[in-house]
Amino acid sequence: MARQGIMPFSDQLGLVLSTLVALLLCLPLAAPAAGAGQPWSPPADPADVPLPRSARLGAAGEETAKSLAGKNHRPAGVNAPAGAEAVRGITEVLDGRRREGAARLAAVAGRAGELSDAVAYYLGLGRYLSGDAAGAVAALAGLADAPETSFLGRDVQYLAVQAASRAGDQARALAWARAWLTEADPTLAPEVWLRAAVAAEALGRRREAVDFLRHLSLTWPDSRAARAGNALARRMCGGDASGGQGAALDPPGGIIPPGPPEREEKGVCYDPDGPSNVLLRAEAMVEKGAPQAALELLEGRRGFDAGQAARAEYVRGKALYRLRRFKAGAEAFARTAAADPASSLAGWARYHEARCLWRSYDDEDLARMEALLRQVLDAPVRDDPLREVAARHLALLLVERGRFADALQAAGRLKGLAVSPDLAAQGASLTALLRFVTGDFAGAVADMEAFAAGHPDDDWADGARYWRGKALAAMARPEEAARAYLDALSRRPNSYYGGLAQSALAAMGKAGGAAALASPVREGPRCPGRAEAPSPRAAAALAKARLLDDSGLPALAEMQLDFASRAMPDRADLAMAHIEAAEDMGRRGAVMRTAWRSFGGCLMRGTAADLLPLRQALYPRAHANQVVAALAGSGIDPDVVSSLIRQESFFDPRAVSGAGAVGLMQLMPDTARGMGKKLGLKVDREALFDPAVNIRLGVAFFRERVAGAGSLAAALAGYNAGQNRAAVWVRGFGNLGEELFTELIPYTETRDYVRRIDANAMMYARLYGR
């Protein structure tokens with residue numbers, strides 16, 4: 001009998017069921033399942049996908065004015081009216097008058113001569129952006145099948161993939177996507193992987209589609225294309241596109257194993273929401289610079305087994321570290337290690353917890369860091385890559401604390417580990433330097449010699465030669481030391497270690513420069529200005545670039561020269577033409593790539609006369625008088641400030657960093673206002689774009705840093721890593737001198753930064769004279 005006030009169980013159940021039915025009737029219909037779902041479709045607006053630079057020259061900004069300069073004049077290199085009409089049509093498409101430009105280009109297609117590839121591309125672009133995908137495919141198909149024949153070929157092929165996908169021509173979309181992906185541009189690749197997956201699925205090539213989707217999901221995990229691809233993958237697995245769990249299994253590789261032969265294609269899918277794939281996606285997000293997205297992906301996730309849950313906590317820790325939330329990251333790693341203390345993952349978690357603690361200035365945290373690293377090294381689990389990073393970081397921590405003998409002992413544990421050549425080289429260089437620091441000069445000589453022989457192509461090989469000379473000099477063996485310095489100098493005299501070796505030889509009264517120039521290592525770098533054999537192919541490329549430039553299309557001329565100089569890297573005439581064009585366009589990255597590709601040997605071994613044609617493009621010295629005036633009385637070499645400006649902004653007064661630093665010397669507005677008060681100046685952000693103001697404030701700030709840090713190397717380290725961290729390094733090993741201080745900076749980025757500033761200052765001195 002029911003108690004008063006309490007419903008019988010059958011009545012309770014009936015009420016629950018009736019309530020659920022009522023709620024379901026009020027809800028909107030759920031998304032359709034995979035079998036009945038809507039096929040994937042591209043964005044409604046054709047422009048709502050990433051487009052290559054050649055398609056964006058009409059965007060607002062300074063580059064537009066340069067790109068479209070003189071667009072209304074009749075091109076000097078095109079005599080036929082068709083050529084003038086072609087240029088007019090191209091500029092109309094870029095200006096946003098797409099239908100008008102496409103119609104004009106269609107009228108001259110086939111009659112544009114050397115501009116025929118540009119006509120085909122911009123005709124296709126105009127049609128594509130106007131919504132005529134099929135017309136775009138027709139215009140682009142010829143070049144898309146032979147992209148190697150034109151400087152626009154890769155962009156043509158990319159646009160053809162987009163147009164064919166939109167037009168429903170999936171066979172062509174897949175073929176062009178496969179071809180384009182052999183040399184993919186990483187900024188555009190996610191869209192092509194997505195289009196390839198869509199095309200493969202539409203053509204019934206399910207396994208191929210699954211491979212495309214998995215690669216997209218795990219390589220560009222936070223991209224818009226990956227999100228669309230994951231929705232498609234869910235639909236293929238039997239789930240809905242809103243994130244519901246499909247019917248797929250979740251094996252370690254994330255690919256569903258095939259069923260019986262007759263069902264093999266149907267049974268294959270990639271489930272992005274399977275626990276192991278969620279972990280892979282989250283870890284990829286951390287590695288690809290999207291740690292916040294990784295945390296959001298893992299938030300509230302269920303269905304992990306114990307091992308997967310520990311891995312999820314580990315990935316959270318890595319994401320928090322990337323977000324500079326070091327305390328929270330350390331706590332996440334500690335929880336990971338506690339979940340299964342004897343596991344391999346626990347060892348890696350302890351190592352990463354130690355890295356989080358390294359960012360602290362608290363002695364207790366640093367003591368725990370040391371204890372964690374020693375625990376990793378003493379663990380019975382044999383994991384050589386883990387032991388390598390733990391031993392190296394323990395040695396660096398001990399160096400930072402000024403405990404050099406203990407650091408050398410820790411570095412000794414690096415020997416015999418089965419790790420990659422790069423990691424082995426890092427450990428060997430640290431050990432050799434610590435032998436020098438601790439006064440074991442004979443051991444340092446042996447280790448440096450072994451390093452140069454065992455790692456001849458490593459960036460630090462010349463460093464080993466130079467420091468071998470320093471150790472020999474410390475042992476009072478000056479002739480051997482001079483030969484070691486000359487060995488470093490003769491290989492790359494214009495490098496950081498070449499400059500140090502030159503100075504060391506000069507201090508010994510040795511004529512190192514002349515001997516280095518006579519060295520067989522020094523012979524034969526390709527430099528600009530040298531005589532070249534005639535080349536009809538190079539001449540044709542230069543003529544086409546001149547035609548484009550004369551036609552008022554300098555951005556396309558620069559692209560043509562980039563294409564030609566890549567295809568013929570040994571041609572100095574093409575390389576110099578591209579460097580000049582890219583410099584005019586403000587494309588400093590392109591200038592540097594071409595210069596190093598074609599003249600890398602000259603940049604490392606050329607004389608000032610050899611490098612004179614490259615001096616302005618690679619080592620500008622703008623505003624030199626203002627730099628000298630601001631440094632008056634400081635004793636700081638103006639070449640150091642020129643090198644600093646080159647590194648920070650490459651002399652672009654309008655440069656703004658992602659963190660908000662402004663102008664030539666990349667000053668934060670708050671820092672600039674503080675310096676302005678000291679100098680009696682009222683400064684706002686806009687004033688920092690004025691080179692005179694930026695240099696005056698920036699040099700004053702840098703002078704303060706040098707005075708406070710006690711050395712130029714420490715000041716540069718603080719400029720990159722922060723004053724507080726640099727102060728720790730000064731206390732730990734600042735008394736060893738600037739050269740060793742630079743070598744022992746624990747942060748690779750900061751160490752390379754200081755070396756680069758010094759090396760470029762040396763280059764300024766060579767190119768311009770003191």
# chains A, B, ... in the order shown; residues from 1 in each chain; ligands from 1

$ residues_around --residues "Gly718 of chain A" --least-positions-apart "2" --cutoff "12 Å" --atoms "only C-alpha atoms" --output "PyMOL selection string"
chain A and resi 701-702+704-716+720-730+742+745+747+750-751+753-754

$ select_by_dssp --residues "segment 426-574 of chain A" --states "helix (DSSP H, G or I)" --output "PyMOL selection string"
chain A and resi 426-437+441-454+461-474+478-491+496-507+512-518+520-522+536-550+554-567+572-574

$ atom_distance --atom1 "atom CA of Ala163 of chain A" --atom2 "atom CA of Ala102 of chain A"
15.0 Å

$ residues_around --residues "Ala319 of chain A" --least-positions-apart "6" --cutoff "9 Å" --atoms "only C-alpha atoms" --output "PDB file with N, CA and C atoms, in the first residue's frame"
ATOM      1  N   ALA A 282      44.066  17.612 -29.559  1.00  0.00           N
ATOM      2  CA  ALA A 282      44.441  18.593 -28.533  1.00  0.00           C
ATOM      3  C   ALA A 282      45.954  18.791 -28.506  1.00  0.00           C
ATOM      4  N   GLU A 283      46.697  17.702 -28.585  1.00  0.00           N
ATOM      5  CA  GLU A 283      48.155  17.839 -28.558  1.00  0.00           C
ATOM      6  C   GLU A 283      48.648  18.579 -29.796  1.00  0.00           C
ATOM      7  N   MET A 285      46.973  20.848 -31.397  1.00  0.00           N
ATOM      8  CA  MET A 285      46.646  22.266 -31.188  1.00  0.00           C
ATOM      9  C   MET A 285      47.721  22.955 -30.361  1.00  0.00           C
ATOM     10  N   VAL A 286      48.204  22.285 -29.323  1.00  0.00           N
ATOM     11  CA  VAL A 286      49.259  22.870 -28.500  1.00  0.00           C
ATOM     12  C   VAL A 286      50.506  23.096 -29.343  1.00  0.00           C
ATOM     13  N   GLU A 287      50.902  22.083 -30.108  1.00  0.00           N
ATOM     14  CA  GLU A 287      52.119  22.194 -30.904  1.00  0.00           C
ATOM     15  C   GLU A 287      51.984  23.222 -32.017  1.00  0.00           C
ATOM     16  N   ALA A 290      47.909  26.774 -30.695  1.00  0.00           N
ATOM     17  CA  ALA A 290      46.530  27.078 -30.299  1.00  0.00           C
ATOM     18  C   ALA A 290      46.226  26.412 -28.954  1.00  0.00           C
ATOM     19  N   PRO A 291      46.977  26.770 -27.894  1.00  0.00           N
ATOM     20  CA  PRO A 291      46.785  26.088 -26.606  1.00  0.00           C
ATOM     21  C   PRO A 291      45.415  26.319 -25.990  1.00  0.00           C
ATOM     22  N   GLN A 292      44.834  27.521 -26.178  1.00  0.00           N
ATOM     23  CA  GLN A 292      43.524  27.781 -25.608  1.00  0.00           C
ATOM     24  C   GLN A 292      42.474  26.877 -26.252  1.00  0.00           C
ATOM     25  N   ALA A 293      42.589  26.675 -27.560  1.00  0.00           N
ATOM     26  CA  ALA A 293      41.661  25.772 -28.240  1.00  0.00           C
ATOM     27  C   ALA A 293      41.802  24.345 -27.706  1.00  0.00           C
ATOM     28  N   ALA A 294      43.023  23.947 -27.367  1.00  0.00           N
ATOM     29  CA  ALA A 294      43.235  22.613 -26.807  1.00  0.00           C
ATOM     30  C   ALA A 294      42.525  22.469 -25.468  1.00  0.00           C
ATOM     31  N   LEU A 295      42.641  23.496 -24.621  1.00  0.00           N
ATOM     32  CA  LEU A 295      41.956  23.440 -23.325  1.00  0.00           C
ATOM     33  C   LEU A 295      40.444  23.355 -23.515  1.00  0.00           C
ATOM     34  N   ARG A 325      50.903  30.087 -18.118  1.00  0.00           N
ATOM     35  CA  ARG A 325      50.268  29.867 -16.812  1.00  0.00           C
ATOM     36  C   ARG A 325      51.064  28.766 -16.125  1.00  0.00           C
ATOM     37  N   GLY A 329      50.185  24.953 -14.925  1.00  0.00           N
ATOM     38  CA  GLY A 329      50.789  23.889 -15.720  1.00  0.00           C
ATOM     39  C   GLY A 329      51.535  22.896 -14.849  1.00  0.00           C
TER      40      GLY A 329
END

$ closest_residue --among "A:Asp305, A:Gly300, A:Ala197, A:Leu767" --to "Ser276 of chain A" --atoms "only C-alpha atoms"
A:Asp305

$ residues_around --residues "Gly439 of chain A" --least-positions-apart "3" --cutoff "12 Å" --atoms "only C-alpha atoms" --output "number ranges by chain"
A: 404-405, 408, 432-436, 442-445, 470-472, 474-475, 736

$ write_last_selection --atoms "all heavy atoms" --output "compact mmCIF listing (two decimals), in the first residue's frame"
# COMPACT_ATOMS: atom_id res chain seq x y z
N PHE A 404 79.07 25.33 -11.44
CA PHE A 404 79.60 24.84 -12.71
C PHE A 404 80.10 23.39 -12.62
O PHE A 404 79.94 22.62 -13.56
CB PHE A 404 80.72 25.77 -13.19
CG PHE A 404 80.28 27.20 -13.33
CD1 PHE A 404 80.90 28.20 -12.61
CD2 PHE A 404 79.21 27.55 -14.15
CE1 PHE A 404 80.49 29.52 -12.71
CE2 PHE A 404 78.79 28.86 -14.25
CZ PHE A 404 79.43 29.85 -13.52
N ALA A 405 80.74 23.01 -11.52
CA ALA A 405 81.21 21.63 -11.38
C ALA A 405 80.03 20.66 -11.36
O ALA A 405 80.08 19.60 -12.01
CB ALA A 405 82.05 21.48 -10.11
N LEU A 408 78.72 20.34 -14.87
CA LEU A 408 79.53 19.46 -15.71
C LEU A 408 79.23 18.00 -15.40
O LEU A 408 79.14 17.16 -16.31
CB LEU A 408 81.01 19.76 -15.49
CG LEU A 408 81.99 18.88 -16.28
CD1 LEU A 408 81.74 19.00 -17.78
CD2 LEU A 408 83.43 19.27 -15.96
N ALA A 432 81.45 20.48 -23.54
CA ALA A 432 82.74 21.05 -23.89
C ALA A 432 82.92 22.44 -23.28
O ALA A 432 84.00 22.77 -22.76
CB ALA A 432 82.87 21.11 -25.41
N LEU A 433 81.88 23.26 -23.33
CA LEU A 433 81.97 24.60 -22.75
C LEU A 433 82.16 24.54 -21.24
O LEU A 433 82.93 25.33 -20.66
CB LEU A 433 80.72 25.40 -23.08
CG LEU A 433 80.64 25.97 -24.50
CD1 LEU A 433 79.23 26.48 -24.79
CD2 LEU A 433 81.65 27.12 -24.67
N LEU A 434 81.47 23.60 -20.58
CA LEU A 434 81.61 23.49 -19.13
C LEU A 434 83.00 23.02 -18.74
O LEU A 434 83.51 23.40 -17.67
CB LEU A 434 80.53 22.57 -18.57
CG LEU A 434 79.12 23.17 -18.57
CD1 LEU A 434 78.08 22.12 -18.22
CD2 LEU A 434 79.04 24.34 -17.59
N ARG A 435 83.64 22.23 -19.56
CA ARG A 435 85.03 21.87 -19.28
C ARG A 435 85.91 23.12 -19.31
O ARG A 435 86.80 23.29 -18.47
CB ARG A 435 85.53 20.85 -20.30
CG ARG A 435 84.91 19.48 -20.16
CD ARG A 435 85.73 18.40 -20.84
NE ARG A 435 85.02 17.15 -20.85
CZ ARG A 435 84.87 16.33 -19.81
NH1 ARG A 435 85.41 16.67 -18.64
NH2 ARG A 435 84.22 15.20 -19.92
N PHE A 436 85.67 23.99 -20.26
CA PHE A 436 86.43 25.23 -20.33
C PHE A 436 86.16 26.09 -19.09
O PHE A 436 87.08 26.61 -18.47
CB PHE A 436 86.05 26.00 -21.60
CG PHE A 436 86.84 27.25 -21.83
CD1 PHE A 436 87.94 27.24 -22.66
CD2 PHE A 436 86.49 28.45 -21.22
CE1 PHE A 436 88.70 28.40 -22.87
CE2 PHE A 436 87.22 29.60 -21.42
CZ PHE A 436 88.34 29.58 -22.25
N ALA A 442 92.48 21.02 -21.20
CA ALA A 442 92.86 19.87 -22.04
C ALA A 442 91.61 19.08 -22.45
O ALA A 442 91.47 18.67 -23.61
CB ALA A 442 93.85 18.98 -21.30
N GLY A 443 90.71 18.87 -21.49
CA GLY A 443 89.46 18.19 -21.82
C GLY A 443 88.62 19.00 -22.79
O GLY A 443 87.97 18.44 -23.68
N ALA A 444 88.64 20.33 -22.63
CA ALA A 444 87.89 21.19 -23.55
C ALA A 444 88.45 21.08 -24.96
O ALA A 444 87.70 20.99 -25.94
CB ALA A 444 87.93 22.63 -23.07
N VAL A 445 89.80 21.10 -25.10
CA VAL A 445 90.41 20.97 -26.42
C VAL A 445 89.98 19.67 -27.08
O VAL A 445 89.59 19.65 -28.26
CB VAL A 445 91.95 21.04 -26.30
CG1 VAL A 445 92.61 20.60 -27.61
CG2 VAL A 445 92.39 22.45 -25.95
N LYS A 470 90.58 29.16 -27.90
CA LYS A 470 90.60 29.83 -26.60
C LYS A 470 91.22 28.92 -25.54
O LYS A 470 92.00 29.37 -24.68
CB LYS A 470 89.17 30.20 -26.18
CG LYS A 470 88.51 31.25 -27.05
CD LYS A 470 88.90 32.66 -26.69
CE LYS A 470 88.20 33.13 -25.44
NZ LYS A 470 88.47 34.57 -25.16
N ALA A 471 90.87 27.62 -25.59
CA ALA A 471 91.43 26.68 -24.61
C ALA A 471 92.93 26.52 -24.82
O ALA A 471 93.71 26.46 -23.85
CB ALA A 471 90.72 25.34 -24.72
N LEU A 472 93.37 26.43 -26.07
CA LEU A 472 94.80 26.31 -26.35
C LEU A 472 95.55 27.56 -25.90
O LEU A 472 96.67 27.48 -25.36
CB LEU A 472 95.02 26.07 -27.85
CG LEU A 472 94.61 24.68 -28.35
CD1 LEU A 472 94.50 24.66 -29.87
CD2 LEU A 472 95.61 23.62 -27.87
N ALA A 474 94.66 29.45 -23.42
CA ALA A 474 94.70 29.38 -21.97
C ALA A 474 95.79 28.42 -21.48
O ALA A 474 96.28 28.56 -20.35
CB ALA A 474 93.35 28.94 -21.42
N MET A 475 96.18 27.45 -22.33
CA MET A 475 97.23 26.50 -21.99
C MET A 475 98.60 27.00 -22.45
O MET A 475 99.57 26.23 -22.46
CB MET A 475 96.92 25.15 -22.64
CG MET A 475 95.65 24.51 -22.13
SD MET A 475 95.15 23.08 -23.11
CE MET A 475 96.44 21.90 -22.66
N LEU A 736 81.88 35.57 -15.96
CA LEU A 736 82.74 34.79 -16.86
C LEU A 736 83.14 35.57 -18.11
O LEU A 736 83.90 35.06 -18.94
CB LEU A 736 82.02 33.50 -17.27
CG LEU A 736 81.67 32.53 -16.14
CD1 LEU A 736 80.91 31.33 -16.70
CD2 LEU A 736 82.92 32.07 -15.41

$ closest_residue --among "A:Leu216, A:Met675, A:Val49, A:Ala332" --to "Tyr158 of chain A" --atoms "only C-alpha atoms"
A:Val49

$ decode --residues "segment 41-54 of chain A" --atoms "all heavy atoms" --output "PDB file, in the first residue's frame"
ATOM      1  N   SER A  41      28.876  21.425 -48.464  1.00  0.00           N
ATOM      2  CA  SER A  41      28.857  22.437 -49.527  1.00  0.00           C
ATOM      3  C   SER A  41      29.787  23.569 -49.139  1.00  0.00           C
ATOM      4  O   SER A  41      29.974  23.858 -47.954  1.00  0.00           O
ATOM      5  CB  SER A  41      27.439  22.976 -49.739  1.00  0.00           C
ATOM      6  OG  SER A  41      26.955  23.561 -48.548  1.00  0.00           O
ATOM      7  N   PRO A  42      30.417  24.244 -50.118  1.00  0.00           N
ATOM      8  CA  PRO A  42      31.350  25.333 -49.816  1.00  0.00           C
ATOM      9  C   PRO A  42      30.609  26.545 -49.289  1.00  0.00           C
ATOM     10  O   PRO A  42      29.382  26.643 -49.385  1.00  0.00           O
ATOM     11  CB  PRO A  42      32.004  25.606 -51.176  1.00  0.00           C
ATOM     12  CG  PRO A  42      31.007  25.143 -52.178  1.00  0.00           C
ATOM     13  CD  PRO A  42      30.296  23.985 -51.559  1.00  0.00           C
ATOM     14  N   PRO A  43      31.314  27.522 -48.742  1.00  0.00           N
ATOM     15  CA  PRO A  43      30.674  28.749 -48.245  1.00  0.00           C
ATOM     16  C   PRO A  43      29.891  29.444 -49.353  1.00  0.00           C
ATOM     17  O   PRO A  43      30.240  29.354 -50.537  1.00  0.00           O
ATOM     18  CB  PRO A  43      31.854  29.609 -47.785  1.00  0.00           C
ATOM     19  CG  PRO A  43      32.968  28.644 -47.546  1.00  0.00           C
ATOM     20  CD  PRO A  43      32.768  27.535 -48.519  1.00  0.00           C
ATOM     21  N   ALA A  44      28.827  30.131 -48.964  1.00  0.00           N
ATOM     22  CA  ALA A  44      27.971  30.784 -49.962  1.00  0.00           C
ATOM     23  C   ALA A  44      28.741  31.835 -50.759  1.00  0.00           C
ATOM     24  O   ALA A  44      28.555  31.974 -51.973  1.00  0.00           O
ATOM     25  CB  ALA A  44      26.762  31.424 -49.269  1.00  0.00           C
ATOM     26  N   ASP A  45      29.601  32.578 -50.108  1.00  0.00           N
ATOM     27  CA  ASP A  45      30.375  33.615 -50.788  1.00  0.00           C
ATOM     28  C   ASP A  45      31.691  33.014 -51.267  1.00  0.00           C
ATOM     29  O   ASP A  45      32.486  32.531 -50.460  1.00  0.00           O
ATOM     30  CB  ASP A  45      30.648  34.768 -49.820  1.00  0.00           C
ATOM     31  CG  ASP A  45      31.375  35.925 -50.494  1.00  0.00           C
ATOM     32  OD1 ASP A  45      31.767  35.795 -51.674  1.00  0.00           O
ATOM     33  OD2 ASP A  45      31.554  36.959 -49.825  1.00  0.00           O
ATOM     34  N   PRO A  46      31.971  33.022 -52.566  1.00  0.00           N
ATOM     35  CA  PRO A  46      33.226  32.443 -53.059  1.00  0.00           C
ATOM     36  C   PRO A  46      34.467  33.089 -52.446  1.00  0.00           C
ATOM     37  O   PRO A  46      35.517  32.447 -52.358  1.00  0.00           O
ATOM     38  CB  PRO A  46      33.169  32.715 -54.574  1.00  0.00           C
ATOM     39  CG  PRO A  46      31.734  32.940 -54.881  1.00  0.00           C
ATOM     40  CD  PRO A  46      31.137  33.548 -53.661  1.00  0.00           C
ATOM     41  N   ALA A  47      34.362  34.335 -52.038  1.00  0.00           N
ATOM     42  CA  ALA A  47      35.514  35.013 -51.449  1.00  0.00           C
ATOM     43  C   ALA A  47      35.748  34.608 -50.000  1.00  0.00           C
ATOM     44  O   ALA A  47      36.762  34.991 -49.408  1.00  0.00           O
ATOM     45  CB  ALA A  47      35.332  36.526 -51.527  1.00  0.00           C
ATOM     46  N   ASP A  48      34.836  33.829 -49.439  1.00  0.00           N
ATOM     47  CA  ASP A  48      34.935  33.455 -48.033  1.00  0.00           C
ATOM     48  C   ASP A  48      35.825  32.236 -47.837  1.00  0.00           C
ATOM     49  O   ASP A  48      35.536  31.362 -47.030  1.00  0.00           O
ATOM     50  CB  ASP A  48      33.542  33.200 -47.459  1.00  0.00           C
ATOM     51  CG  ASP A  48      33.556  33.151 -45.928  1.00  0.00           C
ATOM     52  OD1 ASP A  48      34.479  33.735 -45.339  1.00  0.00           O
ATOM     53  OD2 ASP A  48      32.656  32.515 -45.351  1.00  0.00           O
ATOM     54  N   VAL A  49      36.881  32.150 -48.603  1.00  0.00           N
ATOM     55  CA  VAL A  49      37.926  31.144 -48.423  1.00  0.00           C
ATOM     56  C   VAL A  49      39.261  31.874 -48.554  1.00  0.00           C
ATOM     57  O   VAL A  49      39.338  32.922 -49.196  1.00  0.00           O
ATOM     58  CB  VAL A  49      37.835  30.010 -49.475  1.00  0.00           C
ATOM     59  CG1 VAL A  49      36.559  29.211 -49.326  1.00  0.00           C
ATOM     60  CG2 VAL A  49      37.984  30.556 -50.883  1.00  0.00           C
ATOM     61  N   PRO A  50      40.314  31.350 -47.937  1.00  0.00           N
ATOM     62  CA  PRO A  50      41.622  31.999 -48.104  1.00  0.00           C
ATOM     63  C   PRO A  50      42.021  32.034 -49.576  1.00  0.00           C
ATOM     64  O   PRO A  50      41.815  31.067 -50.305  1.00  0.00           O
ATOM     65  CB  PRO A  50      42.562  31.097 -47.301  1.00  0.00           C
ATOM     66  CG  PRO A  50      41.685  30.359 -46.351  1.00  0.00           C
ATOM     67  CD  PRO A  50      40.377  30.170 -47.050  1.00  0.00           C
ATOM     68  N   LEU A  51      42.571  33.142 -50.011  1.00  0.00           N
ATOM     69  CA  LEU A  51      43.012  33.292 -51.385  1.00  0.00           C
ATOM     70  C   LEU A  51      44.498  33.626 -51.398  1.00  0.00           C
ATOM     71  O   LEU A  51      45.018  34.244 -50.466  1.00  0.00           O
ATOM     72  CB  LEU A  51      42.226  34.407 -52.082  1.00  0.00           C
ATOM     73  CG  LEU A  51      40.736  34.117 -52.327  1.00  0.00           C
ATOM     74  CD1 LEU A  51      40.034  35.360 -52.838  1.00  0.00           C
ATOM     75  CD2 LEU A  51      40.554  32.954 -53.300  1.00  0.00           C
ATOM     76  N   PRO A  52      45.211  33.247 -52.457  1.00  0.00           N
ATOM     77  CA  PRO A  52      46.641  33.547 -52.529  1.00  0.00           C
ATOM     78  C   PRO A  52      46.906  35.039 -52.664  1.00  0.00           C
ATOM     79  O   PRO A  52      46.007  35.820 -53.008  1.00  0.00           O
ATOM     80  CB  PRO A  52      47.109  32.776 -53.768  1.00  0.00           C
ATOM     81  CG  PRO A  52      45.881  32.555 -54.576  1.00  0.00           C
ATOM     82  CD  PRO A  52      44.744  32.457 -53.617  1.00  0.00           C
ATOM     83  N   ARG A  53      48.126  35.431 -52.406  1.00  0.00           N
ATOM     84  CA  ARG A  53      48.491  36.853 -52.455  1.00  0.00           C
ATOM     85  C   ARG A  53      48.159  37.475 -53.801  1.00  0.00           C
ATOM     86  O   ARG A  53      47.713  38.621 -53.870  1.00  0.00           O
ATOM     87  CB  ARG A  53      49.980  36.988 -52.153  1.00  0.00           C
ATOM     88  CG  ARG A  53      50.516  38.407 -52.297  1.00  0.00           C
ATOM     89  CD  ARG A  53      51.954  38.537 -51.823  1.00  0.00           C
ATOM     90  NE  ARG A  53      52.531  39.802 -52.262  1.00  0.00           N
ATOM     91  CZ  ARG A  53      53.414  39.926 -53.240  1.00  0.00           C
ATOM     92  NH1 ARG A  53      53.851  38.863 -53.882  1.00  0.00           N
ATOM     93  NH2 ARG A  53      53.886  41.113 -53.580  1.00  0.00           N
ATOM     94  N   SER A  54      48.345  36.729 -54.888  1.00  0.00           N
ATOM     95  CA  SER A  54      48.085  37.271 -56.220  1.00  0.00           C
ATOM     96  C   SER A  54      46.627  37.663 -56.407  1.00  0.00           C
ATOM     97  O   SER A  54      46.304  38.500 -57.256  1.00  0.00           O
ATOM     98  CB  SER A  54      48.468  36.234 -57.280  1.00  0.00           C
ATOM     99  OG  SER A  54      47.772  35.020 -57.057  1.00  0.00           O
TER     100      SER A  54
END
